[in-house]
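*Asks:* This structure is in structure tokens; I'll ask about it shortly.
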Protein chains: 2
Amino acid sequence: MTSTPHGARARARIEITAAIKEEARRRLAEQGAAELSLRAVARTLGMASSAIYRYFPSRDDLLTALIIDAYDSLGETAEAALKASEGAPAGTRWTAVCEAIRGWALAHPHEYALIYGSPVPGYAAPATTVPAAARVGFALIDVVRDAHRTGELDVAPVPADLEPEAARMAEDLVPDLPPAVAPACVAVWAQLLGLIGFEVFGQFTRIVEERDAFFRHTIAGLARTVGLRPADTL
Amino acid sequence: MTSTPHGARARARIEITAAIKEEARRRLAEQGAAELSLRAVARTLGMASSAIYRYFPSRDDLLTALIIDAYDSLGETAEAALKASEGAPAGTRWTAVCEAIRGWALAHPHEYALIYGSPVPGYAAPATTVPAAARVGFALIDVVRDAHRTGELDVAPVPADLEPEAARMAEDLVPDLPPAVAPACVAVWAQLLGLIGFEVFGQFTRIVEERDAFFRHTIAGLARTVGLRPADTL
DNA sequence: ACACAAACGAGAGCACTGCTCTTGCATTGC
DNA sequence: GCAATGCAAGAGCAGTGCTCTCGTTTGTGT
């Protein structure tokens, strides 16, 4: 009954697992998920390709691990921005969190593609990824929640046919807020990530040049959509 | 100097090229771009794999052809909805075009992933795709332009630091409209496609159930963002 | 302390991929 | 009619994910 279940063997196991993940992450960041080859990882790690399967039963399992890491990395970034802006007016915090998310996406385009791009075909994200994936969304929701607490939130009503759905959403996402904010939060979350995705995936080439200014202006609009009064609107 | 440059040979060539594209499109629609194998296409077409390279110099070139087709198919759908709603109030037309785009995306998820998902790594969309890609955007812009003509458009001002960029964008996109609408159009375009992407890629699983109602409500918000008064807001 | 079982690494091998090269046949233009 | 060109087929190369087998190492129960 040692603290580590099986001693030295297990130690090596988690070390090697980490090394594989690290090397895989490096290659992912440089070349993207489709170029990620188990054999190449094994090669630079000096092990036989078949040995990798002792640690990850398939390529998809490795990818899943990387997906969770990416979600967590992004979520952490958003949460850090949230924390750093504590006490600031809601509009300012909104901007801070959004820009943090965008910054992470631009710095890690392949990771962003892995989690928000087209899903690898035939690959269904296992439930393990859900909590990690939710972190970004909850960081955004926290801004809204705080704004509600300080009276900085204008809740727009929801059409009648959406009311039951709004109530259902709110139960899971924002049980302490008026249900009408739930659909707005989800919509803005999707639109924000979609907007960032367009930039990361090069859809703005030859269309938007001043990306920073454009983004700031656009997320101010998104802030209004959730009911926040943006910080620096002229 | 015949109308067809070389007679029967050329006829066969364009026929075979079309057959390859058609079979590839079928496989793309069923399994997605990553599963699309030249060899498999050749096999079901009863030809040697090497023969395909007479028609498409590489897999990427085949994909490019499919990308253009997908853009055109989507653009056509949007334009059809635009035309079908001619004369209706701008808010109604907006809804019609947006729902047409969403409908196409849900019916052709793999094609949608091909054009709006993560770009195939190492693959830079050639300039050939640009005009086809622009059609959807211009369909949306047409609604806005028409609303402006009939006085149904409220143009929100743009912050000072975005004014030059707005002017530059407007020159290419909406030379006949006030420059301030250009960034709004682009932003809404990106957000709409991003929203649809989230739904297509399964990001709404266990979060949004009543997708139709949610979408209608959300695009009404987008309409307001561009300055339209949505048709059916309660 | 010893034996047994589980975990492990390496290698060979299968089926598949994109792509190239060579060879031989058919069609075309002169 | 003949040379030139377009084309299809096959073999082959380098690479992939993944499986199976075969010794070896490691941990554990008696």
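Chain labels follow the order of the structure tokens: the first chain is A, the next B, and so on; residue numbering restarts at 1 in every chain, and ligands are counted from 1 in their shown order.
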List as a list in words the protein and nucleic acid residues near Leu106 (chain A), meaning an atom at most 9 Å away when only C-alpha atoms (C1' of nucleotides) are counted, but skip any in the same chain fewer than 5 places from it.
*Replies:*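 Close residues of Leu106 (chain A): Ile101, Tyr112, Ile196, Glu199 and Val200 of chain A.
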*Asks:* Pull C-alpha atoms from the residues just selected and write them as a PDB file, in the first residue's frame.
*Replies:*
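What landed in result_27.pdb:
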ATOM      1  CA  ILE A 101      -9.575  33.937 -25.841  1.00  0.00           C
ATOM      2  CA  TYR A 112      -7.898  25.888 -31.837  1.00  0.00           C
ATOM      3  CA  ILE A 196     -12.362  33.970 -33.835  1.00  0.00           C
ATOM      4  CA  GLU A 199      -9.855  34.901 -38.234  1.00  0.00           C
ATOM      5  CA  VAL A 200      -7.730  31.903 -37.278  1.00  0.00           C
TER       6      VAL A 200
END
*Asks:* Just fit chain B onto chain A on all the Cα atoms, in order, by least squares, and give it as a PDB file with C-alpha atoms, in the first residue's frame.
*Replies:*
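Output saved as selection-v9.pdb:
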ATOM      1  CA  MET B   1      -0.988   0.084  -0.364  1.00  0.00           C
ATOM      2  CA  THR B   2       1.606   2.666  -1.177  1.00  0.00           C
ATOM      3  CA  SER B   3       0.634   6.118  -2.319  1.00  0.00           C
ATOM      4  CA  THR B   4       1.802   5.236  -5.835  1.00  0.00           C
ATOM      5  CA  PRO B   5       0.044   2.021  -6.697  1.00  0.00           C
ATOM      6  CA  HIS B   6       2.982   0.009  -7.990  1.00  0.00           C
ATOM      7  CA  GLY B   7       6.182   1.893  -7.384  1.00  0.00           C
ATOM      8  CA  ALA B   8       8.867   2.546  -9.947  1.00  0.00           C
ATOM      9  CA  ARG B   9       7.114   0.926 -12.869  1.00  0.00           C
ATOM     10  CA  ALA B  10       4.144   3.230 -12.561  1.00  0.00           C
ATOM     11  CA  ARG B  11       6.448   6.214 -12.270  1.00  0.00           C
ATOM     12  CA  ALA B  12       8.060   5.399 -15.571  1.00  0.00           C
ATOM     13  CA  ARG B  13       4.656   4.857 -17.075  1.00  0.00           C
ATOM     14  CA  ILE B  14       3.321   8.290 -16.272  1.00  0.00           C
ATOM     15  CA  GLU B  15       6.602   9.861 -17.281  1.00  0.00           C
ATOM     16  CA  ILE B  16       6.585   8.188 -20.665  1.00  0.00           C
ATOM     17  CA  THR B  17       2.919   8.983 -21.142  1.00  0.00           C
ATOM     18  CA  ALA B  18       3.716  12.609 -20.461  1.00  0.00           C
ATOM     19  CA  ALA B  19       6.665  12.547 -22.842  1.00  0.00           C
ATOM     20  CA  ILE B  20       4.498  11.150 -25.608  1.00  0.00           C
ATOM     21  CA  LYS B  21       1.851  13.767 -25.017  1.00  0.00           C
ATOM     22  CA  GLU B  22       4.420  16.519 -24.938  1.00  0.00           C
ATOM     23  CA  GLU B  23       6.059  15.478 -28.181  1.00  0.00           C
ATOM     24  CA  ALA B  24       2.643  15.027 -29.782  1.00  0.00           C
ATOM     25  CA  ARG B  25       1.596  18.469 -28.615  1.00  0.00           C
ATOM     26  CA  ARG B  26       4.731  19.957 -30.083  1.00  0.00           C
ATOM     27  CA  ARG B  27       4.049  18.363 -33.446  1.00  0.00           C
ATOM     28  CA  LEU B  28       0.402  19.335 -33.255  1.00  0.00           C
ATOM     29  CA  ALA B  29       1.291  22.952 -32.641  1.00  0.00           C
ATOM     30  CA  GLU B  30       3.666  22.958 -35.576  1.00  0.00           C
ATOM     31  CA  GLN B  31       1.821  20.983 -38.202  1.00  0.00           C
ATOM     32  CA  GLY B  32      -1.740  20.362 -37.142  1.00  0.00           C
ATOM     33  CA  ALA B  33      -3.712  17.320 -36.144  1.00  0.00           C
ATOM     34  CA  ALA B  34      -3.861  15.628 -39.527  1.00  0.00           C
ATOM     35  CA  GLU B  35      -0.072  15.546 -39.772  1.00  0.00           C
ATOM     36  CA  LEU B  36       0.282  14.036 -36.339  1.00  0.00           C
ATOM     37  CA  SER B  37       1.766  10.587 -36.797  1.00  0.00           C
ATOM     38  CA  LEU B  38       2.232   8.107 -34.000  1.00  0.00           C
ATOM     39  CA  ARG B  39       5.203   6.646 -35.790  1.00  0.00           C
ATOM     40  CA  ALA B  40       6.910  10.012 -36.042  1.00  0.00           C
ATOM     41  CA  VAL B  41       6.361  10.654 -32.346  1.00  0.00           C
ATOM     42  CA  ALA B  42       7.763   7.242 -31.516  1.00  0.00           C
ATOM     43  CA  ARG B  43      10.728   7.861 -33.775  1.00  0.00           C
ATOM     44  CA  THR B  44      11.805  11.105 -32.133  1.00  0.00           C
ATOM     45  CA  LEU B  45      11.246   9.505 -28.755  1.00  0.00           C
ATOM     46  CA  GLY B  46      13.542   6.665 -29.738  1.00  0.00           C
ATOM     47  CA  MET B  47      11.021   3.928 -29.262  1.00  0.00           C
ATOM     48  CA  ALA B  48       9.335   1.438 -31.519  1.00  0.00           C
ATOM     49  CA  SER B  49       6.044   2.594 -32.990  1.00  0.00           C
ATOM     50  CA  SER B  50       4.268  -0.360 -31.482  1.00  0.00           C
ATOM     51  CA  ALA B  51       5.377   0.650 -28.012  1.00  0.00           C
ATOM     52  CA  ILE B  52       3.215   3.758 -28.113  1.00  0.00           C
ATOM     53  CA  TYR B  53       0.140   1.587 -28.085  1.00  0.00           C
ATOM     54  CA  ARG B  54       0.963   0.549 -24.544  1.00  0.00           C
ATOM     55  CA  TYR B  55       0.214   4.111 -23.513  1.00  0.00           C
ATOM     56  CA  PHE B  56      -2.452   5.217 -25.952  1.00  0.00           C
ATOM     57  CA  PRO B  57      -4.619   2.459 -27.373  1.00  0.00           C
ATOM     58  CA  SER B  58      -5.171   4.395 -30.576  1.00  0.00           C
ATOM     59  CA  ARG B  59      -4.395   7.608 -32.353  1.00  0.00           C
ATOM     60  CA  ASP B  60      -7.819   8.920 -31.416  1.00  0.00           C
ATOM     61  CA  ASP B  61      -7.065   8.434 -27.752  1.00  0.00           C
ATOM     62  CA  LEU B  62      -3.936  10.510 -28.086  1.00  0.00           C
ATOM     63  CA  LEU B  63      -5.933  13.169 -29.884  1.00  0.00           C
ATOM     64  CA  THR B  64      -8.541  13.106 -27.158  1.00  0.00           C
ATOM     65  CA  ALA B  65      -5.863  13.752 -24.575  1.00  0.00           C
ATOM     66  CA  LEU B  66      -4.590  16.674 -26.632  1.00  0.00           C
ATOM     67  CA  ILE B  67      -8.124  17.994 -27.045  1.00  0.00           C
ATOM     68  CA  ILE B  68      -8.641  18.023 -23.307  1.00  0.00           C
ATOM     69  CA  ASP B  69      -5.328  19.752 -22.826  1.00  0.00           C
ATOM     70  CA  ALA B  70      -6.233  22.367 -25.408  1.00  0.00           C
ATOM     71  CA  TYR B  71      -9.608  23.009 -23.815  1.00  0.00           C
ATOM     72  CA  ASP B  72      -7.961  23.325 -20.443  1.00  0.00           C
ATOM     73  CA  SER B  73      -5.272  25.624 -21.737  1.00  0.00           C
ATOM     74  CA  LEU B  74      -7.835  27.896 -23.327  1.00  0.00           C
ATOM     75  CA  GLY B  75     -10.094  27.719 -20.293  1.00  0.00           C
ATOM     76  CA  GLU B  76      -7.220  28.595 -18.033  1.00  0.00           C
ATOM     77  CA  THR B  77      -6.344  31.592 -20.172  1.00  0.00           C
ATOM     78  CA  ALA B  78      -9.904  32.841 -20.032  1.00  0.00           C
ATOM     79  CA  GLU B  79     -10.118  32.304 -16.302  1.00  0.00           C
ATOM     80  CA  ALA B  80      -6.850  34.125 -15.775  1.00  0.00           C
ATOM     81  CA  ALA B  81      -8.173  37.129 -17.679  1.00  0.00           C
ATOM     82  CA  LEU B  82     -11.340  36.932 -15.640  1.00  0.00           C
ATOM     83  CA  LYS B  83      -9.431  36.945 -12.399  1.00  0.00           C
ATOM     84  CA  ALA B  84      -7.046  39.670 -13.484  1.00  0.00           C
ATOM     85  CA  SER B  85      -9.951  41.976 -14.262  1.00  0.00           C
ATOM     86  CA  GLU B  86     -11.743  41.430 -10.985  1.00  0.00           C
ATOM     87  CA  GLY B  87     -13.467  44.544  -9.734  1.00  0.00           C
ATOM     88  CA  ALA B  88     -13.442  46.267 -13.119  1.00  0.00           C
ATOM     89  CA  PRO B  89     -16.725  47.246 -14.776  1.00  0.00           C
ATOM     90  CA  ALA B  90     -18.438  44.419 -16.585  1.00  0.00           C
ATOM     91  CA  GLY B  91     -17.789  45.845 -20.034  1.00  0.00           C
ATOM     92  CA  THR B  92     -14.082  45.980 -19.374  1.00  0.00           C
ATOM     93  CA  ARG B  93     -14.029  42.444 -18.057  1.00  0.00           C
ATOM     94  CA  TRP B  94     -15.943  41.249 -21.091  1.00  0.00           C
ATOM     95  CA  THR B  95     -13.367  42.770 -23.372  1.00  0.00           C
ATOM     96  CA  ALA B  96     -10.531  41.315 -21.346  1.00  0.00           C
ATOM     97  CA  VAL B  97     -11.879  37.778 -21.449  1.00  0.00           C
ATOM     98  CA  CYS B  98     -12.743  37.946 -25.142  1.00  0.00           C
ATOM     99  CA  GLU B  99      -9.340  39.278 -26.070  1.00  0.00           C
ATOM    100  CA  ALA B 100      -7.665  36.622 -23.974  1.00  0.00           C
ATOM    101  CA  ILE B 101      -9.583  33.936 -25.846  1.00  0.00           C
ATOM    102  CA  ARG B 102      -8.716  35.484 -29.174  1.00  0.00           C
ATOM    103  CA  GLY B 103      -5.094  35.834 -28.176  1.00  0.00           C
ATOM    104  CA  TRP B 104      -4.880  32.182 -27.254  1.00  0.00           C
ATOM    105  CA  ALA B 105      -6.514  31.161 -30.518  1.00  0.00           C
ATOM    106  CA  LEU B 106      -4.119  33.213 -32.614  1.00  0.00           C
ATOM    107  CA  ALA B 107      -1.165  31.860 -30.681  1.00  0.00           C
ATOM    108  CA  HIS B 108      -2.357  28.244 -30.941  1.00  0.00           C
ATOM    109  CA  PRO B 109      -4.135  27.960 -34.274  1.00  0.00           C
ATOM    110  CA  HIS B 110      -3.754  24.209 -34.608  1.00  0.00           C
ATOM    111  CA  GLU B 111      -4.998  23.584 -31.125  1.00  0.00           C
ATOM    112  CA  TYR B 112      -7.899  25.877 -31.850  1.00  0.00           C
ATOM    113  CA  ALA B 113      -8.640  23.932 -35.015  1.00  0.00           C
ATOM    114  CA  LEU B 114      -8.525  20.729 -33.040  1.00  0.00           C
ATOM    115  CA  ILE B 115     -11.221  21.779 -30.605  1.00  0.00           C
ATOM    116  CA  TYR B 116     -13.389  24.165 -32.623  1.00  0.00           C
ATOM    117  CA  GLY B 117     -12.672  23.151 -36.189  1.00  0.00           C
ATOM    118  CA  SER B 118     -14.297  20.364 -38.086  1.00  0.00           C
ATOM    119  CA  PRO B 119     -14.359  17.306 -35.912  1.00  0.00           C
ATOM    120  CA  VAL B 120     -12.083  14.520 -37.076  1.00  0.00           C
ATOM    121  CA  PRO B 121     -14.466  12.390 -39.114  1.00  0.00           C
ATOM    122  CA  GLY B 122     -15.819   9.370 -37.364  1.00  0.00           C
ATOM    123  CA  TYR B 123     -14.608  10.802 -34.136  1.00  0.00           C
ATOM    124  CA  ALA B 124     -17.196  11.576 -31.480  1.00  0.00           C
ATOM    125  CA  ALA B 125     -15.854  13.641 -28.626  1.00  0.00           C
ATOM    126  CA  PRO B 126     -16.033  11.436 -25.544  1.00  0.00           C
ATOM    127  CA  ALA B 127     -17.786  12.716 -22.452  1.00  0.00           C
ATOM    128  CA  THR B 128     -14.391  13.206 -20.821  1.00  0.00           C
ATOM    129  CA  THR B 129     -13.866  16.373 -22.803  1.00  0.00           C
ATOM    130  CA  VAL B 130     -17.072  18.050 -21.672  1.00  0.00           C
ATOM    131  CA  PRO B 131     -15.927  19.614 -18.385  1.00  0.00           C
ATOM    132  CA  ALA B 132     -12.761  20.983 -19.970  1.00  0.00           C
ATOM    133  CA  ALA B 133     -14.741  22.310 -22.907  1.00  0.00           C
ATOM    134  CA  ALA B 134     -17.166  24.104 -20.629  1.00  0.00           C
ATOM    135  CA  ARG B 135     -14.572  26.261 -18.905  1.00  0.00           C
ATOM    136  CA  VAL B 136     -14.378  28.970 -21.569  1.00  0.00           C
ATOM    137  CA  GLY B 137     -18.119  29.311 -21.647  1.00  0.00           C
ATOM    138  CA  PHE B 138     -18.325  29.596 -17.915  1.00  0.00           C
ATOM    139  CA  ALA B 139     -15.682  32.302 -17.867  1.00  0.00           C
ATOM    140  CA  LEU B 140     -17.865  34.335 -20.184  1.00  0.00           C
ATOM    141  CA  ILE B 141     -20.919  33.553 -18.106  1.00  0.00           C
ATOM    142  CA  ASP B 142     -19.120  34.703 -14.991  1.00  0.00           C
ATOM    143  CA  VAL B 143     -18.771  38.154 -16.479  1.00  0.00           C
ATOM    144  CA  VAL B 144     -22.476  38.233 -17.186  1.00  0.00           C
ATOM    145  CA  ARG B 145     -23.324  36.921 -13.735  1.00  0.00           C
ATOM    146  CA  ASP B 146     -21.192  39.568 -12.111  1.00  0.00           C
ATOM    147  CA  ALA B 147     -22.785  42.262 -14.223  1.00  0.00           C
ATOM    148  CA  HIS B 148     -26.179  41.061 -13.079  1.00  0.00           C
ATOM    149  CA  ARG B 149     -25.079  41.245  -9.461  1.00  0.00           C
ATOM    150  CA  THR B 150     -23.923  44.821  -9.813  1.00  0.00           C
ATOM    151  CA  GLY B 151     -26.926  45.875 -11.859  1.00  0.00           C
ATOM    152  CA  GLU B 152     -24.949  46.321 -15.067  1.00  0.00           C
ATOM    153  CA  LEU B 153     -27.033  43.796 -16.995  1.00  0.00           C
ATOM    154  CA  ASP B 154     -30.069  44.612 -19.099  1.00  0.00           C
ATOM    155  CA  VAL B 155     -31.985  41.403 -19.640  1.00  0.00           C
ATOM    156  CA  ALA B 156     -33.837  41.377 -22.940  1.00  0.00           C
ATOM    157  CA  PRO B 157     -36.997  39.282 -22.977  1.00  0.00           C
ATOM    158  CA  VAL B 158     -37.157  36.078 -24.956  1.00  0.00           C
ATOM    159  CA  PRO B 159     -39.903  35.182 -27.451  1.00  0.00           C
ATOM    160  CA  ALA B 160     -42.630  32.958 -26.087  1.00  0.00           C
ATOM    161  CA  ASP B 161     -41.703  29.912 -28.132  1.00  0.00           C
ATOM    162  CA  LEU B 162     -38.205  29.929 -26.708  1.00  0.00           C
ATOM    163  CA  GLU B 163     -39.199  30.292 -23.083  1.00  0.00           C
ATOM    164  CA  PRO B 164     -39.246  26.607 -22.124  1.00  0.00           C
ATOM    165  CA  GLU B 165     -35.907  26.076 -23.832  1.00  0.00           C
ATOM    166  CA  ALA B 166     -34.490  29.131 -22.114  1.00  0.00           C
ATOM    167  CA  ALA B 167     -35.629  27.785 -18.773  1.00  0.00           C
ATOM    168  CA  ARG B 168     -34.053  24.421 -19.511  1.00  0.00           C
ATOM    169  CA  MET B 169     -30.782  26.015 -20.590  1.00  0.00           C
ATOM    170  CA  ALA B 170     -30.703  28.309 -17.597  1.00  0.00           C
ATOM    171  CA  GLU B 171     -31.121  25.374 -15.244  1.00  0.00           C
ATOM    172  CA  ASP B 172     -27.812  23.899 -16.385  1.00  0.00           C
ATOM    173  CA  LEU B 173     -25.882  27.052 -17.117  1.00  0.00           C
ATOM    174  CA  VAL B 174     -27.112  29.972 -15.069  1.00  0.00           C
ATOM    175  CA  PRO B 175     -29.531  28.724 -12.403  1.00  0.00           C
ATOM    176  CA  ASP B 176     -29.058  31.937 -10.430  1.00  0.00           C
ATOM    177  CA  LEU B 177     -29.914  34.307 -13.269  1.00  0.00           C
ATOM    178  CA  PRO B 178     -33.121  35.152 -15.127  1.00  0.00           C
ATOM    179  CA  PRO B 179     -33.686  32.407 -17.721  1.00  0.00           C
ATOM    180  CA  ALA B 180     -33.745  34.875 -20.591  1.00  0.00           C
ATOM    181  CA  VAL B 181     -29.999  35.424 -20.356  1.00  0.00           C
ATOM    182  CA  ALA B 182     -29.210  31.768 -21.033  1.00  0.00           C
ATOM    183  CA  PRO B 183     -29.951  31.715 -24.765  1.00  0.00           C
ATOM    184  CA  ALA B 184     -28.166  35.008 -25.157  1.00  0.00           C
ATOM    185  CA  CYS B 185     -25.094  33.627 -23.437  1.00  0.00           C
ATOM    186  CA  VAL B 186     -25.032  30.530 -25.582  1.00  0.00           C
ATOM    187  CA  ALA B 187     -25.581  32.517 -28.749  1.00  0.00           C
ATOM    188  CA  VAL B 188     -22.848  34.968 -27.938  1.00  0.00           C
ATOM    189  CA  TRP B 189     -20.489  32.166 -26.967  1.00  0.00           C
ATOM    190  CA  ALA B 190     -20.996  30.466 -30.317  1.00  0.00           C
ATOM    191  CA  GLN B 191     -20.726  33.710 -32.238  1.00  0.00           C
ATOM    192  CA  LEU B 192     -17.568  34.759 -30.464  1.00  0.00           C
ATOM    193  CA  LEU B 193     -15.799  31.488 -31.103  1.00  0.00           C
ATOM    194  CA  GLY B 194     -17.085  31.488 -34.646  1.00  0.00           C
ATOM    195  CA  LEU B 195     -15.738  34.960 -35.205  1.00  0.00           C
ATOM    196  CA  ILE B 196     -12.366  33.948 -33.829  1.00  0.00           C
ATOM    197  CA  GLY B 197     -12.438  30.812 -35.929  1.00  0.00           C
ATOM    198  CA  PHE B 198     -12.914  32.853 -39.072  1.00  0.00           C
ATOM    199  CA  GLU B 199      -9.868  34.888 -38.233  1.00  0.00           C
ATOM    200  CA  VAL B 200      -7.739  31.884 -37.284  1.00  0.00           C
ATOM    201  CA  PHE B 201      -8.733  29.887 -40.344  1.00  0.00           C
ATOM    202  CA  GLY B 202      -7.864  32.696 -42.688  1.00  0.00           C
ATOM    203  CA  GLN B 203     -11.358  33.578 -43.794  1.00  0.00           C
ATOM    204  CA  PHE B 204     -10.635  37.257 -43.238  1.00  0.00           C
ATOM    205  CA  THR B 205      -7.779  37.307 -45.726  1.00  0.00           C
ATOM    206  CA  ARG B 206      -8.138  40.278 -48.002  1.00  0.00           C
ATOM    207  CA  ILE B 207     -11.342  41.262 -46.206  1.00  0.00           C
ATOM    208  CA  VAL B 208     -10.343  42.478 -42.769  1.00  0.00           C
ATOM    209  CA  GLU B 209      -6.985  44.136 -42.344  1.00  0.00           C
ATOM    210  CA  GLU B 210      -7.152  45.944 -39.034  1.00  0.00           C
ATOM    211  CA  ARG B 211      -8.093  42.808 -37.164  1.00  0.00           C
ATOM    212  CA  ASP B 212      -7.529  44.174 -33.661  1.00  0.00           C
ATOM    213  CA  ALA B 213      -9.769  47.184 -34.073  1.00  0.00           C
ATOM    214  CA  PHE B 214     -12.342  45.139 -35.918  1.00  0.00           C
ATOM    215  CA  PHE B 215     -12.413  42.559 -33.163  1.00  0.00           C
ATOM    216  CA  ARG B 216     -12.763  45.130 -30.409  1.00  0.00           C
ATOM    217  CA  HIS B 217     -15.665  46.722 -32.180  1.00  0.00           C
ATOM    218  CA  THR B 218     -17.356  43.419 -32.875  1.00  0.00           C
ATOM    219  CA  ILE B 219     -17.131  42.079 -29.335  1.00  0.00           C
ATOM    220  CA  ALA B 220     -18.558  45.365 -28.110  1.00  0.00           C
ATOM    221  CA  GLY B 221     -21.583  44.486 -30.222  1.00  0.00           C
ATOM    222  CA  LEU B 222     -21.649  41.012 -28.719  1.00  0.00           C
ATOM    223  CA  ALA B 223     -21.539  42.548 -25.272  1.00  0.00           C
ATOM    224  CA  ARG B 224     -24.649  44.542 -26.100  1.00  0.00           C
ATOM    225  CA  THR B 225     -26.307  41.350 -27.322  1.00  0.00           C
ATOM    226  CA  VAL B 226     -25.946  39.708 -23.911  1.00  0.00           C
ATOM    227  CA  GLY B 227     -27.129  42.852 -22.210  1.00  0.00           C
ATOM    228  CA  LEU B 228     -23.833  44.374 -21.165  1.00  0.00           C
ATOM    229  CA  ARG B 229     -22.917  47.959 -21.773  1.00  0.00           C
ATOM    230  CA  PRO B 230     -19.545  47.759 -23.487  1.00  0.00           C
ATOM    231  CA  ALA B 231     -16.700  49.576 -21.863  1.00  0.00           C
ATOM    232  CA  ASP B 232     -15.151  51.644 -24.595  1.00  0.00           C
ATOM    233  CA  THR B 233     -17.742  52.402 -27.199  1.00  0.00           C
ATOM    234  CA  LEU B 234     -17.419  55.722 -28.827  1.00  0.00           C
TER     235      LEU B 234
END
*Asks:* As a list in words, could you give me every residue of chain D near chain B (at most 12 Å apart, counting only C-alpha atoms (C1' of nucleotides))?
*Replies:*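 Here is what falls inside 12 Å: DT5, DG6, DC7, DA8, DA9, DG10 and DA11 of chain D.
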*Asks:* Produce a file of the selected residues containing C-alpha atoms (C1' of nucleotides), as a short mmCIF file (atom, residue, chain, number, x, y, z; two decimals), in the first residue's frame.
*Replies:*
data_model
loop_
_atom_site.label_atom_id
_atom_site.label_comp_id
_atom_site.auth_asym_id
_atom_site.auth_seq_id
_atom_site.Cartn_x
_atom_site.Cartn_y
_atom_site.Cartn_z
"C1'" DT D 5 0.75 13.00 -78.27
"C1'" DG D 6 -2.73 11.49 -74.64
"C1'" DC D 7 -3.88 8.04 -71.93
"C1'" DA D 8 -4.36 3.72 -68.88
"C1'" DA D 9 -2.24 0.22 -66.36
"C1'" DG D 10 1.06 -1.83 -63.33
"C1'" DA D 11 4.86 -1.85 -60.36
#
*Asks:* Counting only C-alpha atoms (C1' of nucleotides), what is within 12 Å of DT30 (chain D), bar same-chain residues fewer than 2 positions away, as a PyMOL selection string?
*Replies:* (chain C and resi 1-4) or (chain D and resi 28)
*Asks:* If you keep N, CA and C atoms (P, O5', C5', C4', C3', O3' and C1' of nucleotides), can you produce a file of those selected residues as a compact mmCIF listing (two decimals), in the first residue's frame?
*Replies:*
# COMPACT_ATOMS: atom_id res chain seq x y z
P DA C 1 16.50 -13.71 0.04
O5' DA C 1 15.46 -14.93 -0.08
C5' DA C 1 15.88 -16.22 0.21
C4' DA C 1 15.20 -17.21 -0.71
C3' DA C 1 15.56 -17.07 -2.19
O3' DA C 1 15.58 -18.37 -2.75
C1' DA C 1 13.24 -16.56 -1.88
P DC C 2 16.01 -18.63 -4.26
O5' DC C 2 14.59 -19.03 -4.87
C5' DC C 2 13.74 -19.93 -4.16
C4' DC C 2 12.38 -19.98 -4.83
C3' DC C 2 12.41 -19.94 -6.36
O3' DC C 2 11.56 -20.95 -6.87
C1' DC C 2 10.93 -18.30 -5.55
P DA C 3 11.59 -21.39 -8.37
O5' DA C 3 10.07 -21.12 -8.78
C5' DA C 3 9.04 -21.60 -7.93
C4' DA C 3 7.71 -20.93 -8.30
C3' DA C 3 7.44 -20.93 -9.81
O3' DA C 3 6.06 -21.15 -10.03
C1' DA C 3 7.50 -18.71 -9.02
P DC C 4 5.54 -21.69 -11.42
O5' DC C 4 4.23 -20.80 -11.63
C5' DC C 4 3.53 -20.28 -10.50
C4' DC C 4 2.95 -18.91 -10.83
C3' DC C 4 2.55 -18.71 -12.30
O3' DC C 4 1.21 -18.27 -12.34
C1' DC C 4 3.85 -16.90 -11.55
P DT D 28 3.64 -4.37 -6.62
O5' DT D 28 3.19 -5.89 -6.45
C5' DT D 28 2.31 -6.48 -7.42
C4' DT D 28 1.98 -7.91 -7.04
C3' DT D 28 1.76 -8.15 -5.53
O3' DT D 28 0.67 -9.06 -5.38
C1' DT D 28 3.44 -9.60 -6.30
*Asks:* If you run DSSP over the backbone, which residues in region 49-212 of chain A end up helix (DSSP H, G or I)? Put them as a PyMOL selection string.
*Replies:* chain A and resi 49-52+59-84+90-107+109-116+129-149+160-173+181-200+211-212
*Asks:* Between C1' of DA4 (chain D) and C1' of DT28 (chain C), what distance in Å does the model show, to one decimal?
*Replies:* 8.6 Å
*Asks:* Set the cut-off to 12 Å and count only C-alpha atoms (C1' of nucleotides): what are the residues of chain C that reach chain B? Output as a list in words.
*Replies:*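 Taking only C-alpha atoms (C1' of nucleotides) into account, DC16, DT17, DG18, DC19, DT20, DC21, DA26, DT27, DT28 and DG29 of chain C sit within 12 Å of chain B.
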*Asks:* Work out how far C1' of DG15 (chain D) is from C1' of DG9 (chain C), in Å to one decimal.
*Replies:* 22.4 Å
*Asks:* What does the structure give for the distance between C1' of DG17 (chain D) and C1' of DG11 (chain C), in Å to one decimal?
*Replies:*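 Taking C1' of DG17 (chain D) as the start and C1' of DG11 (chain C) as the end point, the length is 16.1 Å.
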*Asks:* Using only C-alpha atoms (C1' of nucleotides), which residue out of D:DT26, D:DG1, D:DC20, D:DA14 lies closest to DC8 (chain C)?
*Replies:* D:DT26
